[in-house]
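**Q** This one is query-v3.cif, mmCIF, C-alpha atoms and all ligand atoms.
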data_query
#
loop_
_atom_site.label_atom_id
_atom_site.label_comp_id
_atom_site.auth_asym_id
_atom_site.auth_seq_id
_atom_site.Cartn_x
_atom_site.Cartn_y
_atom_site.Cartn_z
CA MET A 242 89.31 104.30 180.89
CA ALA A 243 91.57 102.64 178.36
CA HIS A 244 95.27 102.66 178.71
CA PRO A 245 96.74 105.74 176.89
CA PHE A 246 98.75 103.43 174.73
CA LEU A 247 95.61 101.55 173.69
CA LYS A 248 93.88 104.87 173.02
CA GLN A 249 96.76 105.96 170.86
CA LEU A 250 96.70 102.64 169.06
CA PHE A 251 92.95 102.96 168.54
CA ASN A 252 93.36 106.52 167.18
CA PHE A 253 96.19 105.41 164.96
CA ASN A 254 94.06 102.59 163.63
CA GLN A 255 91.15 104.92 162.96
CA LYS A 256 93.43 107.29 161.09
CA THR A 257 95.04 104.45 159.18
CA MET A 258 91.64 103.03 158.32
CA LYS A 259 90.54 106.42 156.99
CA LYS A 260 93.71 106.65 154.95
CA ILE A 261 93.27 103.13 153.62
CA THR A 262 89.63 103.88 152.73
CA ALA A 263 90.66 107.12 150.98
CA ILE A 264 93.39 105.35 149.01
CA GLY A 265 90.95 102.57 148.16
CA LEU A 266 88.35 105.05 146.90
CA MET A 267 90.98 106.84 144.85
CA GLY A 268 91.97 103.50 143.35
CA VAL A 269 88.37 102.75 142.42
CA ALA A 270 88.05 106.21 140.85
CA VAL A 271 91.23 105.68 138.82
CA MET A 272 89.97 102.27 137.69
CA LEU A 273 86.65 103.78 136.63
CA ILE A 274 88.36 106.59 134.71
CA CYS A 275 90.66 104.09 133.00
CA SER A 276 87.87 101.74 131.99
CA PHE A 277 85.82 104.70 130.74
CA SER A 278 88.65 105.94 128.53
CA GLU A 279 89.20 102.36 127.29
CA LEU A 280 85.52 102.27 126.37
CA LYS A 281 85.81 105.61 124.59
CA LYS A 282 88.82 104.30 122.66
CA VAL A 283 86.87 101.28 121.48
CA GLN A 284 83.83 103.34 120.51
CA THR A 285 85.64 106.03 118.56
CA ASN A 286 88.35 103.90 117.05
CA GLU A 287 87.23 100.33 116.45
CA ILE A 288 89.95 99.75 113.86
CA SER A 289 93.52 100.82 114.45
CA ILE A 290 96.69 100.65 112.36
CA PRO A 291 97.79 97.04 112.95
CA GLU A 292 101.13 96.73 114.67
CA GLY A 293 103.82 94.96 112.66
CA TYR A 294 101.88 94.84 109.38
CA ARG A 295 105.13 95.54 107.52
CA ASN A 296 106.16 92.01 108.50
CA TRP A 297 103.03 90.50 106.95
CA THR A 298 102.77 89.04 103.46
CA HIS A 299 103.23 91.63 100.75
CA ILE A 300 100.40 90.96 98.30
CA LYS A 301 101.27 93.48 95.60
CA THR A 302 102.33 97.02 94.77
CA ALA A 303 100.89 99.45 92.24
CA ILE A 304 101.61 103.05 91.31
CA SER A 305 98.33 104.82 90.92
CA ASN A 306 97.24 107.47 88.48
CA PRO A 307 98.47 110.92 89.62
CA ALA A 308 95.01 112.24 88.72
CA PHE A 309 93.67 110.64 91.93
CA ALA A 310 95.57 113.22 93.96
CA ALA A 311 94.75 112.08 97.48
CA HIS A 312 95.50 108.41 96.74
CA SER A 313 98.20 108.85 94.08
CA GLY A 314 101.56 107.24 94.65
CA PHE A 315 102.75 103.78 95.63
CA HIS A 316 100.07 101.39 96.89
CA HIS A 317 101.49 98.51 98.88
CA ILE A 318 99.06 95.84 100.05
CA TYR A 319 99.82 93.60 103.06
CA ALA A 320 97.81 90.67 104.45
CA ASN A 321 98.00 88.96 107.83
CA ALA A 322 98.11 85.15 107.94
CA LYS A 323 94.29 84.79 108.07
CA ALA A 324 93.83 87.15 105.12
CA LEU A 325 96.54 85.35 103.11
CA GLU A 326 94.50 82.16 103.56
CA GLY A 327 91.53 84.11 102.20
CA TYR A 328 93.48 85.29 99.15
CA LYS A 329 94.31 81.63 98.42
CA THR A 330 90.92 80.06 99.15
CA GLY A 331 88.66 82.93 98.11
CA ARG A 332 86.99 82.93 101.54
CA PHE A 333 88.14 85.45 104.12
CA GLN A 334 87.65 84.28 107.73
CA ASP A 335 87.05 86.57 110.71
CA SER A 336 90.25 88.26 111.98
CA SER A 337 91.58 88.65 108.44
CA ILE A 338 93.24 92.06 108.12
CA ILE A 339 94.43 93.77 104.93
CA VAL A 340 96.47 96.98 104.93
CA PHE A 341 96.66 99.35 101.96
CA ASP A 342 99.75 101.51 102.50
CA VAL A 343 99.99 104.62 100.30
CA LEU A 344 103.30 106.49 99.87
CA GLU A 345 104.21 109.44 97.67
CA SER A 346 105.92 108.56 94.39
CA ILE A 347 108.89 110.84 93.68
CA PRO A 348 110.24 110.86 90.11
CA GLN A 349 114.06 110.97 89.97
CA LYS A 350 116.19 112.71 87.33
CA ASP A 351 117.15 109.42 85.72
CA GLY A 352 113.54 108.34 85.33
CA ASP A 353 113.41 106.06 88.38
CA VAL A 354 110.52 106.57 90.79
CA TYR A 355 111.27 106.42 94.51
CA GLU A 356 108.98 106.13 97.49
CA GLY A 357 108.32 109.36 99.41
CA LYS A 358 106.47 110.00 102.63
CA ARG A 359 103.50 107.94 103.75
CA LYS A 360 100.23 109.61 102.68
CA LEU A 361 97.65 107.31 104.16
CA ILE A 362 96.79 103.85 105.34
CA ASP A 363 93.53 102.08 104.56
CA VAL A 364 92.61 99.07 106.68
CA MET A 365 90.04 96.31 106.17
CA VAL A 366 89.23 94.05 109.14
CA LYS A 367 86.95 91.02 108.84
CA ASN A 368 84.41 90.58 111.63
CA SER A 369 81.18 89.10 110.28
CA SER A 370 78.97 90.02 113.23
CA LYS A 371 80.35 93.50 113.90
CA PHE A 372 80.42 94.63 110.27
CA SER A 373 77.52 92.63 108.86
CA GLU A 374 76.20 95.66 106.95
CA THR A 375 79.37 95.97 104.87
CA GLY A 376 80.00 92.39 103.82
CA GLY A 377 81.63 91.51 107.15
CA TRP A 378 84.51 93.93 106.56
CA GLY A 379 85.17 97.04 108.63
CA TYR A 380 86.87 99.88 106.76
CA GLU A 381 89.06 102.61 108.21
CA GLU A 382 91.32 105.29 106.78
CA PHE A 383 94.27 107.04 108.45
CA ILE A 384 95.56 110.17 106.72
CA TYR A 385 99.15 111.18 107.49
CA ASN A 386 100.14 114.82 107.85
CA ASP A 387 103.48 116.11 109.15
CA THR A 388 102.00 119.04 111.01
CA THR A 389 98.62 117.79 112.19
CA GLY A 390 99.54 114.13 112.73
CA ILE A 391 97.37 111.14 111.81
CA LYS A 392 93.72 111.87 111.07
CA ILE A 393 91.23 109.01 111.47
CA VAL A 394 88.51 109.35 108.83
CA HIS A 395 85.73 106.93 109.92
CA PRO A 396 84.55 106.55 106.31
CA THR A 397 80.91 106.10 105.40
CA LYS A 398 79.53 103.10 103.54
CA SER A 399 79.68 104.97 100.25
CA GLN A 400 83.31 106.00 100.72
CA CYS A 401 84.60 102.41 100.81
CA PHE A 402 82.07 99.60 100.80
CA ASN A 403 80.01 100.67 97.79
CA CYS A 404 83.06 100.31 95.57
CA HIS A 405 84.43 97.13 97.22
CA ASN A 406 80.93 95.66 96.92
CA SER A 407 81.63 95.18 93.20
CA GLN A 408 84.04 92.40 94.27
CA LYS A 409 81.43 90.53 96.31
CA GLU A 410 82.18 87.26 94.49
CA LYS A 411 85.81 87.57 95.59
CA GLY A 412 85.07 88.32 99.22
CA PHE A 413 84.96 92.12 98.57
CA VAL A 414 88.70 92.12 97.85
CA PHE A 415 90.12 93.53 94.59
CA SER A 416 93.74 92.45 94.67
CA LYS A 417 95.02 88.99 93.87
CA TYR A 418 97.89 87.15 95.49
CA ARG A 419 100.81 86.03 93.38
CA SER A 420 103.41 83.58 94.63
C1 LIG B 501 86.33 103.60 93.67
C2 LIG B 501 86.59 102.30 94.25
C3 LIG B 501 87.21 102.18 95.62
C4 LIG B 501 86.92 102.87 96.77
C5 LIG B 501 85.89 103.96 96.96
C6 LIG B 501 87.76 102.30 97.81
N1 LIG B 501 88.55 101.31 97.30
FE1 LIG B 501 89.81 100.14 98.34
N2 LIG B 501 90.48 99.31 96.61
C7 LIG B 501 89.99 99.60 95.34
C8 LIG B 501 90.79 98.89 94.36
C9 LIG B 501 90.59 98.93 92.84
C10 LIG B 501 91.77 98.17 95.06
C11 LIG B 501 92.87 97.29 94.48
C12 LIG B 501 94.10 98.11 94.20
C13 LIG B 501 95.22 97.28 93.62
O1 LIG B 501 95.02 96.11 93.31
O2 LIG B 501 96.34 97.81 93.51
C14 LIG B 501 91.50 98.44 96.49
C15 LIG B 501 92.22 97.86 97.51
C16 LIG B 501 91.95 98.06 98.86
C17 LIG B 501 92.55 97.30 99.93
C18 LIG B 501 93.42 96.07 99.75
C19 LIG B 501 92.48 94.84 99.61
C20 LIG B 501 91.83 94.76 98.23
O3 LIG B 501 90.59 94.88 98.15
O4 LIG B 501 92.56 94.58 97.24
C21 LIG B 501 92.11 97.85 101.09
C22 LIG B 501 92.49 97.42 102.50
C23 LIG B 501 91.22 98.92 100.75
N3 LIG B 501 91.14 99.02 99.37
C24 LIG B 501 90.57 99.72 101.67
C25 LIG B 501 89.69 100.76 101.33
C26 LIG B 501 89.13 101.68 102.26
C27 LIG B 501 89.35 101.68 103.77
C28 LIG B 501 88.34 102.54 101.54
C29 LIG B 501 87.57 103.73 102.04
C30 LIG B 501 88.30 104.73 102.77
C31 LIG B 501 88.43 102.13 100.15
N4 LIG B 501 89.27 101.05 100.05
C32 LIG B 501 87.75 102.73 99.12
C33 LIG B 501 88.92 100.38 95.07
C34 LIG B 501 88.27 101.22 95.97
#
Could you spell out this file's structure in structure tokens?

**A**
Amino acid sequence: MAHPFLKQLFNFNQKTMKKITAIGLMGVAVMLICSFSELKKVQTNEISIPEGYRNWTHIKTAISNPAFAAHSGFHHIYANAKALEGYKTGRFQDSSIIVFDVLESIPQKDGDVYEGKRKLIDVMVKNSSKFSETGGWGYEEFIYNDTTGIKIVHPTKSQCFNCHNSQKEKGFVFSKYRS
């Protein structure tokens, strides 16, 4: 017969072990859930709005024809460092990212035109192996709406690539960089 103290210690240890096992299992479950949601994020949203793109190189701005309602307004184009290299050399390397930032254009009484709210953001990301079917560029569109938030479009090949394909000789990029 073990000493009562030892028995107590043994019981305590058994209880503690059970607790530790339970906590461990919970930890594993949490890890699994987290990695699953990470996976889901990657699958449903391969391209996101790049952080800090407003600090990248501003390539150009245009005001588009109001007839193209959804895309009308100011078009600002930004390139990350890799993409800027591409604009200069004509060859866009993997990890190049170009952002097409569309804002409302608001005519003022004196004839000036000011920027309004953001309407949408189009993003092109270069990854030759991942997006080999669309010239190595992945295309994504984010539509802004005050009430419903940002809608991710997941455009089809014909919604983006078929038009950009006309610029194949220039790496599928329309705009030109000016110093
Ligand atoms: C009908 C043709 C057409 C379609 C369709 C189109 N684009 Fe473009 N895109 C253009 C043109 C033209 C420019 C250049 C605009 C300028 O220079 O101001 C451009 C510019 C861009 C740029 C800046 C880089 C560049 O090529 O100059 C990005 C990024 C972009 N588009 C993304 C997209 C995405 C994403 C889609 C699909 C949701 C899309 N585009 C659909 C014609 C098109």

**Q** Check the smallest atom-to-atom distance from each of A:Ser369, A:Gln334, A:Ser305, A:Thr298 to ligand LIG 501 (chain B) using only C-alpha atoms and all ligand atoms, then report the winner.

**A**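 Among the listed residues, the smallest separation from ligand LIG 501 (chain B) belongs to A:Ser305.
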
**Q** Could you give me, as number ranges by chain, every polymer residue with an atom at most 10 Å away from an atom of ligand LIG 501 (chain B), counting all atoms listed in the file?

**A** A: 300-305, 312, 315-320, 324, 328, 338-342, 361-366, 378-384, 394-408, 411-418

**Q** For the residues selected in the previous step, produce a file with C-alpha atoms as a compact mmCIF listing (two decimals), in the coordinates of the input.

**A**
# COMPACT_ATOMS: atom_id res chain seq x y z
CA ILE A 300 100.40 90.96 98.30
CA LYS A 301 101.27 93.48 95.60
CA THR A 302 102.33 97.02 94.77
CA ALA A 303 100.89 99.45 92.24
CA ILE A 304 101.61 103.05 91.31
CA SER A 305 98.33 104.82 90.92
CA HIS A 312 95.50 108.41 96.74
CA PHE A 315 102.75 103.78 95.63
CA HIS A 316 100.07 101.39 96.89
CA HIS A 317 101.49 98.51 98.88
CA ILE A 318 99.06 95.84 100.05
CA TYR A 319 99.82 93.60 103.06
CA ALA A 320 97.81 90.67 104.45
CA ALA A 324 93.83 87.15 105.12
CA TYR A 328 93.48 85.29 99.15
CA ILE A 338 93.24 92.06 108.12
CA ILE A 339 94.43 93.77 104.93
CA VAL A 340 96.47 96.98 104.93
CA PHE A 341 96.66 99.35 101.96
CA ASP A 342 99.75 101.51 102.50
CA LEU A 361 97.65 107.31 104.16
CA ILE A 362 96.79 103.85 105.34
CA ASP A 363 93.53 102.08 104.56
CA VAL A 364 92.61 99.07 106.68
CA MET A 365 90.04 96.31 106.17
CA VAL A 366 89.23 94.05 109.14
CA TRP A 378 84.51 93.93 106.56
CA GLY A 379 85.17 97.04 108.63
CA TYR A 380 86.87 99.88 106.76
CA GLU A 381 89.06 102.61 108.21
CA GLU A 382 91.32 105.29 106.78
CA PHE A 383 94.27 107.04 108.45
CA ILE A 384 95.56 110.17 106.72
CA VAL A 394 88.51 109.35 108.83
CA HIS A 395 85.73 106.93 109.92
CA PRO A 396 84.55 106.55 106.31
CA THR A 397 80.91 106.10 105.40
CA LYS A 398 79.53 103.10 103.54
CA SER A 399 79.68 104.97 100.25
CA GLN A 400 83.31 106.00 100.72
CA CYS A 401 84.60 102.41 100.81
CA PHE A 402 82.07 99.60 100.80
CA ASN A 403 80.01 100.67 97.79
CA CYS A 404 83.06 100.31 95.57
CA HIS A 405 84.43 97.13 97.22
CA ASN A 406 80.93 95.66 96.92
CA SER A 407 81.63 95.18 93.20
CA GLN A 408 84.04 92.40 94.27
CA LYS A 411 85.81 87.57 95.59
CA GLY A 412 85.07 88.32 99.22
CA PHE A 413 84.96 92.12 98.57
CA VAL A 414 88.70 92.12 97.85
CA PHE A 415 90.12 93.53 94.59
CA SER A 416 93.74 92.45 94.67
CA LYS A 417 95.02 88.99 93.87
CA TYR A 418 97.89 87.15 95.49

**Q** Grab the atom CA of Thr330 of chain A to atom CA of Pro291 of chain A distance for me, in Å with one decimal place.

**A**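 Computing the Euclidean distance for atom CA of Thr330 of chain A and atom CA of Pro291 of chain A yields 22.9 Å.
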
**Q** Tell me, in Å to one decimal, how far atom CA of Leu325 of chain A is from atom CA of Arg295 of chain A.

**A**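 Spanning atom CA of Leu325 of chain A to atom CA of Arg295 of chain A is a straight-line distance of 14.0 Å.
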
**Q** How many Å separate atom CA of Gly376 of chain A from atom CA of Arg332 of chain A?

**A**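 Between these atoms lies a distance of 12.0 Å.
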
**Q** Is it possible to add N, CA and C atoms to segment 386-411 of chain A and hand it back as a short mmCIF file (atom, residue, chain, number, x, y, z; two decimals), in the coordinates of the input?

**A**
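Final file, out.cif:
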data_model
loop_
_atom_site.label_atom_id
_atom_site.label_comp_id
_atom_site.auth_asym_id
_atom_site.auth_seq_id
_atom_site.Cartn_x
_atom_site.Cartn_y
_atom_site.Cartn_z
N ASN A 386 99.80 113.43 108.11
CA ASN A 386 100.14 114.82 107.85
C ASN A 386 101.23 115.22 108.84
N ASP A 387 102.32 115.77 108.30
CA ASP A 387 103.48 116.11 109.15
C ASP A 387 103.15 117.07 110.27
N THR A 388 102.27 118.03 109.98
CA THR A 388 102.00 119.04 111.01
C THR A 388 100.83 118.66 111.92
N THR A 389 99.79 118.06 111.35
CA THR A 389 98.62 117.79 112.19
C THR A 389 98.58 116.35 112.71
N GLY A 390 99.51 115.52 112.27
CA GLY A 390 99.54 114.13 112.73
C GLY A 390 98.60 113.24 111.94
N ILE A 391 98.21 112.12 112.53
CA ILE A 391 97.37 111.14 111.81
C ILE A 391 95.89 111.45 112.05
N LYS A 392 95.15 111.60 110.94
CA LYS A 392 93.72 111.87 111.07
C LYS A 392 92.94 110.58 110.77
N ILE A 393 92.05 110.21 111.68
CA ILE A 393 91.23 109.01 111.47
C ILE A 393 89.93 109.45 110.81
N VAL A 394 89.62 108.85 109.65
CA VAL A 394 88.51 109.35 108.83
C VAL A 394 87.12 108.84 109.24
N HIS A 395 87.03 107.60 109.69
CA HIS A 395 85.73 106.93 109.92
C HIS A 395 84.87 107.04 108.67
N PRO A 396 85.28 106.39 107.58
CA PRO A 396 84.55 106.55 106.31
C PRO A 396 83.13 106.00 106.35
N THR A 397 82.29 106.57 105.50
CA THR A 397 80.91 106.10 105.40
C THR A 397 80.89 104.89 104.46
N LYS A 398 79.72 104.26 104.40
CA LYS A 398 79.53 103.10 103.54
C LYS A 398 79.87 103.43 102.09
N SER A 399 79.48 104.63 101.66
CA SER A 399 79.68 104.97 100.25
C SER A 399 81.14 105.30 99.95
N GLN A 400 81.91 105.66 100.97
CA GLN A 400 83.31 106.00 100.72
C GLN A 400 84.20 104.77 100.49
N CYS A 401 83.78 103.62 100.99
CA CYS A 401 84.60 102.41 100.81
C CYS A 401 83.77 101.24 100.30
N PHE A 402 82.78 100.86 101.07
CA PHE A 402 82.07 99.60 100.80
C PHE A 402 81.40 99.58 99.43
N ASN A 403 80.76 100.68 99.05
CA ASN A 403 80.01 100.67 97.79
C ASN A 403 80.89 100.29 96.61
N CYS A 404 82.14 100.68 96.65
CA CYS A 404 83.06 100.31 95.57
C CYS A 404 83.55 98.86 95.76
N HIS A 405 83.94 98.50 96.98
CA HIS A 405 84.43 97.13 97.22
C HIS A 405 83.32 96.09 97.02
N ASN A 406 82.08 96.55 97.10
CA ASN A 406 80.93 95.66 96.92
C ASN A 406 80.92 95.04 95.52
N SER A 407 81.58 95.72 94.57
CA SER A 407 81.63 95.18 93.20
C SER A 407 82.43 93.88 93.16
N GLN A 408 83.21 93.61 94.21
CA GLN A 408 84.04 92.40 94.27
C GLN A 408 83.43 91.35 95.21
N LYS A 409 82.12 91.42 95.37
CA LYS A 409 81.43 90.53 96.31
C LYS A 409 81.80 89.05 96.09
N GLU A 410 81.86 88.66 94.83
CA GLU A 410 82.18 87.26 94.49
C GLU A 410 83.57 86.85 94.99
N LYS A 411 84.43 87.84 95.16
CA LYS A 411 85.81 87.57 95.59
C LYS A 411 86.04 87.99 97.04
#
